[in-house]
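One file, target-v2.csv, is given below (CSV, C-alpha atoms).
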chain,number,residue,atom,x,y,z
B,1,MET,CA,-160.7,-49.8,72.8
B,2,SER,CA,-158.8,-47.2,71.0
B,3,GLN,CA,-155.2,-46.5,71.7
B,4,SER,CA,-152.9,-43.7,70.6
B,5,TYR,CA,-149.1,-44.0,70.2
B,6,ASN,CA,-146.5,-41.3,70.6
B,7,ARG,CA,-144.5,-41.8,67.4
B,8,GLY,CA,-142.0,-39.1,68.2
B,9,LEU,CA,-140.6,-36.7,65.6
B,10,ILE,CA,-139.6,-38.1,62.2
B,11,GLU,CA,-137.0,-35.3,62.2
B,12,ASP,CA,-135.0,-37.4,64.6
B,13,PHE,CA,-133.3,-39.0,61.7
B,14,SER,CA,-131.0,-41.2,63.8
B,15,ARG,CA,-134.1,-43.2,64.8
B,16,TRP,CA,-134.6,-44.7,61.4
B,17,ARG,CA,-132.7,-47.9,62.2
B,18,GLU,CA,-135.3,-48.7,64.9
B,19,PHE,CA,-138.3,-48.3,62.5
B,20,GLU,CA,-140.5,-51.2,61.7
B,21,ALA,CA,-142.9,-51.5,58.7
B,22,GLY,CA,-145.7,-49.5,60.3
B,23,MET,CA,-143.4,-46.5,61.0
B,24,TRP,CA,-142.1,-46.6,57.4
B,25,ALA,CA,-145.7,-46.7,56.1
B,26,TRP,CA,-146.5,-43.7,58.3
B,27,ILE,CA,-143.5,-41.7,57.0
B,28,PHE,CA,-144.2,-42.6,53.3
B,29,HIS,CA,-147.9,-41.8,53.8
B,30,LYS,CA,-147.0,-38.4,55.2
B,31,PHE,CA,-144.3,-37.6,52.5
B,32,THR,CA,-146.6,-38.7,49.7
B,33,GLY,CA,-149.4,-36.6,51.2
B,34,TRP,CA,-147.2,-33.5,51.2
B,35,VAL,CA,-146.3,-34.1,47.5
B,36,LEU,CA,-150.0,-34.6,46.5
B,37,ILE,CA,-151.3,-31.4,48.2
B,38,GLY,CA,-148.4,-29.5,46.7
B,39,TYR,CA,-149.3,-30.9,43.3
B,40,LEU,CA,-153.0,-30.1,43.7
B,41,PHE,CA,-152.2,-26.4,44.1
B,42,THR,CA,-149.8,-26.5,41.1
B,43,HIS,CA,-152.3,-28.5,39.0
B,44,ILE,CA,-155.1,-25.9,39.5
B,45,ALA,CA,-152.7,-23.1,38.8
B,46,VAL,CA,-151.7,-24.6,35.4
B,47,LEU,CA,-155.3,-25.6,34.5
B,48,SER,CA,-156.3,-22.0,35.3
B,49,THR,CA,-154.9,-21.0,31.9
B,50,ALA,CA,-158.3,-22.3,30.7
B,51,ILE,CA,-159.9,-19.1,32.0
B,52,PRO,CA,-158.2,-16.7,29.6
B,53,ALA,CA,-158.4,-19.4,26.8
B,54,SER,CA,-162.2,-19.5,27.1
B,55,GLY,CA,-162.3,-16.0,25.6
B,56,ALA,CA,-160.5,-17.1,22.4
B,57,GLU,CA,-162.1,-17.2,19.0
B,58,THR,CA,-163.5,-20.6,17.9
B,59,ALA,CA,-161.0,-20.9,15.1
B,60,VAL,CA,-158.1,-20.3,17.5
B,61,LEU,CA,-159.5,-23.0,19.8
B,62,GLN,CA,-160.0,-25.4,16.9
B,63,ALA,CA,-156.4,-24.9,15.8
B,64,GLY,CA,-155.2,-25.4,19.4
B,65,ASN,CA,-153.5,-22.0,19.5
B,66,ASP,CA,-155.2,-20.9,22.8
B,67,VAL,CA,-153.1,-20.3,25.9
B,68,TYR,CA,-154.4,-23.5,27.7
B,69,THR,CA,-153.7,-25.9,24.9
B,70,GLN,CA,-150.3,-24.4,24.2
B,71,THR,CA,-149.4,-24.5,27.9
B,72,ILE,CA,-150.3,-28.1,28.4
B,73,VAL,CA,-148.8,-29.2,25.0
B,74,SER,CA,-145.5,-27.4,25.8
B,75,LEU,CA,-145.3,-28.9,29.3
B,76,GLU,CA,-146.1,-32.4,28.0
B,77,GLY,CA,-143.4,-32.0,25.4
B,78,LEU,CA,-140.7,-31.8,28.1
B,79,LEU,CA,-139.2,-35.2,29.1
B,80,LEU,CA,-138.7,-33.9,32.6
B,81,VAL,CA,-142.4,-33.3,33.0
B,82,ARG,CA,-143.2,-36.8,31.8
B,83,VAL,CA,-140.7,-38.3,34.2
B,84,LEU,CA,-142.2,-36.2,37.0
B,85,GLU,CA,-145.7,-37.4,36.0
B,86,VAL,CA,-144.5,-41.0,36.5
B,87,GLY,CA,-143.2,-40.0,39.9
B,88,LEU,CA,-146.6,-38.4,40.7
B,89,LEU,CA,-148.3,-41.6,39.7
B,90,ALA,CA,-146.0,-43.6,42.0
B,91,VAL,CA,-146.7,-41.2,44.9
B,92,ALA,CA,-150.5,-41.2,44.3
B,93,VAL,CA,-150.7,-45.0,43.9
B,94,PHE,CA,-148.7,-45.6,47.1
B,95,HIS,CA,-150.9,-43.1,49.0
B,96,MET,CA,-154.0,-44.7,47.7
B,97,LEU,CA,-153.0,-48.3,48.4
B,98,ASN,CA,-151.6,-47.5,51.9
B,99,GLY,CA,-154.7,-45.3,52.5
B,100,ALA,CA,-156.9,-48.3,51.7
B,101,ARG,CA,-154.8,-50.3,54.2
B,102,LEU,CA,-155.3,-47.7,56.8
B,103,LEU,CA,-159.1,-47.6,56.2
B,104,LEU,CA,-159.2,-51.4,56.6
B,105,VAL,CA,-157.2,-51.3,59.8
B,106,ASP,CA,-159.5,-48.6,61.2
B,107,LEU,CA,-162.4,-50.9,60.4
B,108,GLY,CA,-160.7,-53.6,62.3
B,109,VAL,CA,-159.5,-55.6,59.4
B,110,GLY,CA,-156.0,-56.9,59.0
B,111,LEU,CA,-154.1,-55.3,61.9
B,112,GLU,CA,-152.2,-58.5,62.6
B,113,SER,CA,-150.9,-58.5,59.0
B,114,GLN,CA,-150.4,-54.7,58.7
B,115,ASP,CA,-146.7,-55.2,57.9
B,116,LYS,CA,-147.4,-57.6,55.1
B,117,SER,CA,-150.1,-55.3,53.6
B,118,PHE,CA,-147.5,-52.4,53.7
B,119,TYR,CA,-145.0,-54.5,51.7
B,120,ALA,CA,-147.9,-55.5,49.4
B,121,SER,CA,-148.6,-51.8,48.9
B,122,LEU,CA,-145.0,-51.1,48.0
B,123,ILE,CA,-144.8,-54.0,45.6
B,124,LEU,CA,-148.1,-53.1,43.9
B,125,THR,CA,-147.1,-49.5,43.6
B,126,GLY,CA,-143.8,-50.5,41.9
B,127,ALA,CA,-145.7,-52.9,39.5
B,128,ILE,CA,-148.4,-50.3,38.6
B,129,THR,CA,-145.8,-47.6,38.1
B,130,VAL,CA,-143.5,-49.7,35.9
B,131,ALA,CA,-146.5,-50.9,33.8
B,132,SER,CA,-147.6,-47.3,33.3
B,133,VAL,CA,-144.3,-46.0,32.1
B,134,PRO,CA,-144.9,-46.7,28.3
B,135,THR,CA,-148.3,-44.9,28.5
B,136,PHE,CA,-146.9,-41.9,30.4
B,137,ILE,CA,-143.8,-41.5,28.2
B,138,ALA,CA,-145.6,-42.1,24.8
B,139,GLY,CA,-145.1,-39.2,22.4
B,140,ALA,CA,-142.4,-37.5,24.5
B,141,PHE,CA,-139.6,-38.3,22.1
X,142,MET,CA,-157.2,-60.0,75.6
X,143,ALA,CA,-156.3,-58.7,72.2
X,144,GLN,CA,-157.5,-55.2,71.7
X,145,ARG,CA,-158.8,-54.0,68.4
X,146,TYR,CA,-156.7,-51.0,67.3
X,147,SER,CA,-158.4,-48.1,65.6
X,148,SER,CA,-157.4,-44.4,65.4
X,149,PHE,CA,-161.1,-43.7,66.0
X,150,GLU,CA,-162.0,-41.3,68.8
X,151,ALA,CA,-165.6,-40.6,69.8
X,152,GLY,CA,-166.9,-37.3,68.5
X,153,GLY,CA,-164.1,-36.8,66.0
X,154,ARG,CA,-166.1,-35.3,63.1
X,155,MET,CA,-162.9,-34.3,61.2
X,156,TRP,CA,-161.5,-37.8,61.7
X,157,LEU,CA,-164.6,-39.2,60.1
X,158,LEU,CA,-164.6,-36.7,57.2
X,159,GLN,CA,-160.9,-37.4,56.5
X,160,ARG,CA,-161.8,-41.1,56.1
X,161,VAL,CA,-165.1,-40.6,54.1
X,162,THR,CA,-163.2,-38.3,51.7
X,163,ALA,CA,-160.4,-40.9,51.5
X,164,ALA,CA,-162.8,-43.6,50.4
X,165,PHE,CA,-164.4,-41.2,47.8
X,166,LEU,CA,-161.0,-40.1,46.5
X,167,LEU,CA,-159.7,-43.6,46.2
X,168,VAL,CA,-162.3,-44.2,43.5
X,169,VAL,CA,-162.4,-40.8,41.8
X,170,LEU,CA,-158.6,-40.3,41.7
X,171,ALA,CA,-158.2,-43.7,40.1
X,172,PHE,CA,-160.9,-42.8,37.6
X,173,HIS,CA,-159.2,-39.4,37.0
X,174,PHE,CA,-155.8,-41.0,36.3
X,175,PHE,CA,-157.3,-43.7,34.1
X,176,LEU,CA,-159.4,-41.3,32.0
X,177,LEU,CA,-156.8,-38.6,31.5
X,178,HIS,CA,-153.7,-40.8,31.0
X,179,PHE,CA,-154.9,-44.1,29.6
X,180,VAL,CA,-158.2,-43.4,27.8
X,181,HIS,CA,-157.0,-40.0,26.6
X,182,HIS,CA,-153.3,-39.2,26.5
X,183,ALA,CA,-151.6,-36.2,28.2
X,184,ASP,CA,-150.1,-35.0,24.9
X,185,GLU,CA,-153.5,-34.9,23.2
X,186,VAL,CA,-155.0,-32.4,25.6
X,187,SER,CA,-156.8,-29.5,24.1
X,188,PHE,CA,-159.2,-26.8,25.4
X,189,LEU,CA,-162.1,-28.1,23.3
X,190,MET,CA,-161.7,-31.7,24.5
X,191,SER,CA,-161.5,-30.6,28.2
X,192,SER,CA,-164.5,-28.3,27.5
X,193,GLY,CA,-166.5,-31.2,25.9
X,194,ARG,CA,-166.1,-33.2,29.1
X,195,MET,CA,-166.8,-30.4,31.4
X,196,GLU,CA,-170.0,-29.4,29.6
X,197,THR,CA,-171.5,-32.7,30.8
X,198,MET,CA,-173.3,-31.9,34.0
X,199,SER,CA,-172.4,-35.3,35.7
X,200,TYR,CA,-168.7,-34.8,34.9
X,201,TYR,CA,-168.7,-31.2,36.0
X,202,SER,CA,-170.4,-32.0,39.3
X,203,LEU,CA,-168.1,-35.0,39.9
X,204,MET,CA,-165.0,-32.8,39.3
X,205,VAL,CA,-166.3,-30.1,41.6
X,206,LEU,CA,-166.9,-32.7,44.3
X,207,PHE,CA,-163.4,-34.1,43.5
X,208,LEU,CA,-161.9,-30.7,44.0
X,209,LEU,CA,-163.8,-30.1,47.3
X,210,THR,CA,-162.9,-33.5,48.8
X,211,ALA,CA,-159.3,-33.4,47.6
X,212,THR,CA,-158.8,-29.9,49.1
X,213,PHE,CA,-160.4,-30.9,52.4
X,214,HIS,CA,-158.5,-34.2,52.6
X,215,GLY,CA,-155.1,-32.6,51.6
X,216,VAL,CA,-155.3,-29.5,53.7
X,217,ASN,CA,-156.8,-31.3,56.8
X,218,GLY,CA,-154.0,-33.9,56.3
X,219,VAL,CA,-151.4,-31.1,56.4
X,220,TYR,CA,-153.0,-29.6,59.5
X,221,ASN,CA,-153.0,-33.0,61.2
X,222,ALA,CA,-149.4,-33.6,60.3
X,223,LEU,CA,-148.4,-30.2,61.7
X,224,ILE,CA,-150.3,-30.8,65.0
X,225,ASN,CA,-148.5,-34.2,65.1
X,226,GLN,CA,-145.2,-32.3,64.9
X,227,GLY,CA,-146.2,-30.3,68.0
X,228,LEU,CA,-148.0,-27.2,66.6
X,229,THR,CA,-149.9,-25.5,69.4
X,230,GLY,CA,-151.3,-22.2,70.7
X,231,THR,CA,-151.4,-19.0,68.6
X,232,LYS,CA,-149.2,-20.6,65.9
X,233,ARG,CA,-151.8,-23.4,65.5
X,234,THR,CA,-154.6,-20.8,65.1
X,235,VAL,CA,-152.6,-18.8,62.6
X,236,VAL,CA,-151.8,-22.0,60.6
X,237,LYS,CA,-155.4,-23.2,60.7
X,238,TRP,CA,-156.8,-20.0,59.3
X,239,THR,CA,-154.0,-19.7,56.7
X,240,LEU,CA,-154.9,-23.2,55.5
X,241,VAL,CA,-158.6,-22.3,55.5
X,242,ALA,CA,-157.9,-19.2,53.3
X,243,ALA,CA,-155.6,-21.3,51.0
X,244,SER,CA,-158.4,-23.9,50.6
X,245,VAL,CA,-161.0,-21.2,49.8
X,246,VAL,CA,-158.7,-19.7,47.1
X,247,LEU,CA,-157.9,-23.2,45.6
X,248,VAL,CA,-161.6,-24.2,45.5
X,249,LEU,CA,-162.7,-20.8,44.0
X,250,GLN,CA,-160.0,-20.9,41.4
X,251,GLY,CA,-160.8,-24.6,40.5
X,252,ILE,CA,-164.5,-23.8,40.1
X,253,ARG,CA,-163.7,-20.7,37.9
X,254,THR,CA,-161.6,-23.0,35.7
X,255,ALA,CA,-164.3,-25.6,35.5
X,256,ASN,CA,-166.8,-22.9,34.7
X,257,ALA,CA,-164.6,-21.6,31.9
X,258,TRP,CA,-164.6,-25.0,30.3
X,259,ALA,CA,-168.3,-25.7,30.9
X,260,GLY,CA,-169.3,-22.3,29.4
X,261,ILE,CA,-170.9,-21.2,32.7
X,262,PRO,CA,-170.4,-17.4,32.7
X,263,LEU,CA,-169.3,-17.2,36.3
X,264,TYR,CA,-165.6,-16.8,36.2
What would you get if you wrote out this structure as structure tokens?
Amino acid sequence: MSQSYNRGLIEDFSRWREFEAGMWAWIFHKFTGWVLIGYLFTHIAVLSTAIPASGAETAVLQAGNDVYTQTIVSLEGLLLVRVLEVGLLAVAVFHMLNGARLLLVDLGVGLESQDKSFYASLILTGAITVASVPTFIAGAF
Amino acid sequence: MAQRYSSFEAGGRMWLLQRVTAAFLLVVLAFHFFLLHFVHHADEVSFLMSSGRMETMSYYSLMVLFLLTATFHGVNGVYNALINQGLTGTKRTVVKWTLVAASVVLVLQGIRTANAWAGIPLY
């Protein structure tokens, strides 16, 4: 049988002391979701520079002097962008791992250990993020 | 008796789509990150390399499907979050159609960009 819960508003900040693992998972999933959809719109806007670039001469494209290549290379040259990309990875990995946890719970798997799987999602997110830092920062200095 | 918890409700087509797109995005987003950050590196991006990938029909169609599912999953997620915060009535209708319009713009712009790389003259 399905049940629904009134979780109340997360804007009632004073409630945070009462929160258990599942509530934190819900808040983090919501927050990371907002970040990801915001990023998707930004991502497509930046990639859209490929539209004017596609009209450039072959020689310009080969030299990487088109507006798309120049936009991406300049952005990737900024340390701030690289750091934000690591943040994006962390946000995406958490949303994916916690999302997999939610899919499993919806399929009836692992509800009794939903708090442990939330902690596992957090730890794995941390580990994957830290392990990815060298790759994401490479060439930024 | 222990009850099996699920957020499933009968007839919830959007509920199901949110989960089907989630399962698809889990795999494709991981592939996207892996290909564009670990196989290729962010500071080596060039128009010709992006173009070379997008000229392959399987990659192009996967990326278009990725765009469609990510837009649906993200925008429907925002809509659900707002309803959860108590959005009702006229405001809900206005927000719904604003989100639909934003999704259409995002998908069209994404496909125009993919077409520019793929050399499809529809942009």
Q. Quick one, how far is atom CA of Val161 of chain X from atom CA of Ser48 of chain B?
A.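 Distance reported for this atom pair: 27.9 Å.
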Q: Excluding Pro262 of chain X and residues on its chain fewer than 5 positions from it, collect all residues at most 10 Å away from it, counting all atoms listed in the file, and give them as a list in words.
A: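 Near neighbours after the sequence-gap exclusion: Arg253, Asn256 and Ala257 of chain X.
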**Q.** Non-local contacts of Leu97 of chain B (12 Å; all atoms listed in the file; under 4 positions in same chain excluded) as a PyMOL selection string
**A.** (chain B and resi 25+28-29+32+89-93+101-104+117-126+128) or (chain X and resi 163-164+166-168+170-171)
Output file for the selection above: C-alpha atoms, as a PDB file, in the frame of the given file:
ATOM      1  CA  ALA B  25    -145.700 -46.700  56.100  1.00  0.00           C
ATOM      2  CA  PHE B  28    -144.200 -42.600  53.300  1.00  0.00           C
ATOM      3  CA  HIS B  29    -147.900 -41.800  53.800  1.00  0.00           C
ATOM      4  CA  THR B  32    -146.600 -38.700  49.700  1.00  0.00           C
ATOM      5  CA  LEU B  89    -148.300 -41.600  39.700  1.00  0.00           C
ATOM      6  CA  ALA B  90    -146.000 -43.600  42.000  1.00  0.00           C
ATOM      7  CA  VAL B  91    -146.700 -41.200  44.900  1.00  0.00           C
ATOM      8  CA  ALA B  92    -150.500 -41.200  44.300  1.00  0.00           C
ATOM      9  CA  VAL B  93    -150.700 -45.000  43.900  1.00  0.00           C
ATOM     10  CA  ARG B 101    -154.800 -50.300  54.200  1.00  0.00           C
ATOM     11  CA  LEU B 102    -155.300 -47.700  56.800  1.00  0.00           C
ATOM     12  CA  LEU B 103    -159.100 -47.600  56.200  1.00  0.00           C
ATOM     13  CA  LEU B 104    -159.200 -51.400  56.600  1.00  0.00           C
ATOM     14  CA  SER B 117    -150.100 -55.300  53.600  1.00  0.00           C
ATOM     15  CA  PHE B 118    -147.500 -52.400  53.700  1.00  0.00           C
ATOM     16  CA  TYR B 119    -145.000 -54.500  51.700  1.00  0.00           C
ATOM     17  CA  ALA B 120    -147.900 -55.500  49.400  1.00  0.00           C
ATOM     18  CA  SER B 121    -148.600 -51.800  48.900  1.00  0.00           C
ATOM     19  CA  LEU B 122    -145.000 -51.100  48.000  1.00  0.00           C
ATOM     20  CA  ILE B 123    -144.800 -54.000  45.600  1.00  0.00           C
ATOM     21  CA  LEU B 124    -148.100 -53.100  43.900  1.00  0.00           C
ATOM     22  CA  THR B 125    -147.100 -49.500  43.600  1.00  0.00           C
ATOM     23  CA  GLY B 126    -143.800 -50.500  41.900  1.00  0.00           C
ATOM     24  CA  ILE B 128    -148.400 -50.300  38.600  1.00  0.00           C
TER      25      ILE B 128
ATOM     26  CA  ALA X 163    -160.400 -40.900  51.500  1.00  0.00           C
ATOM     27  CA  ALA X 164    -162.800 -43.600  50.400  1.00  0.00           C
ATOM     28  CA  LEU X 166    -161.000 -40.100  46.500  1.00  0.00           C
ATOM     29  CA  LEU X 167    -159.700 -43.600  46.200  1.00  0.00           C
ATOM     30  CA  VAL X 168    -162.300 -44.200  43.500  1.00  0.00           C
ATOM     31  CA  LEU X 170    -158.600 -40.300  41.700  1.00  0.00           C
ATOM     32  CA  ALA X 171    -158.200 -43.700  40.100  1.00  0.00           C
TER      33      ALA X 171
END
Q: Identify every residue of chain X that has at least one atom within 7 Å of any atom of chain B, counting only C-alpha atoms, and report the result as a list of chain:residue names.
A: X:Gln144, X:Arg145, X:Tyr146, X:Ser147, X:Ser148, X:Phe149, X:Leu167, X:His178, X:Phe179, X:Ala183, X:Asp184, X:Val186, X:Ser187, X:Phe188, X:Leu189, X:Gly215, X:Gln226, X:Leu247, X:Gly251, X:Thr254, X:Ala257, X:Trp258
**Q.** Separation of atom CA of Arg160 of chain X from atom CA of Leu206 of chain X in Å
**A.** 15.4 Å
Q: Select, from X:Thr231, X:Thr239, X:Ser192, X:Gln250, the residue with the minimum atom-to-atom distance to Asn217 of chain X, counting only C-alpha atoms.
A: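 That would be X:Thr239, the residue with the smallest distance to Asn217 of chain X.
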(Q) Taking (-171.6, -32.0, 35.8) in the coordinates of the supplied file, I want to know which residues reach to within 12 Å of it, counting only C-alpha atoms; could you give the answer as a ChimeraX atom specification? (A) /X:192-207,252,255-256,258-261
**Q.** Within 10 Å of Lys237 of chain X using only C-alpha atoms, minus same-chain residues under 6 positions, as a list in words
**A.** Val216, Asn217, Val219, Tyr220, Leu223, Thr231 and Ala243 of chain X
(Q) Just the number, please: distance in Å from atom CA of Met23 of chain B to atom CA of Val133 of chain B, one decimal. (A)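 These atoms are spaced 28.9 Å apart.
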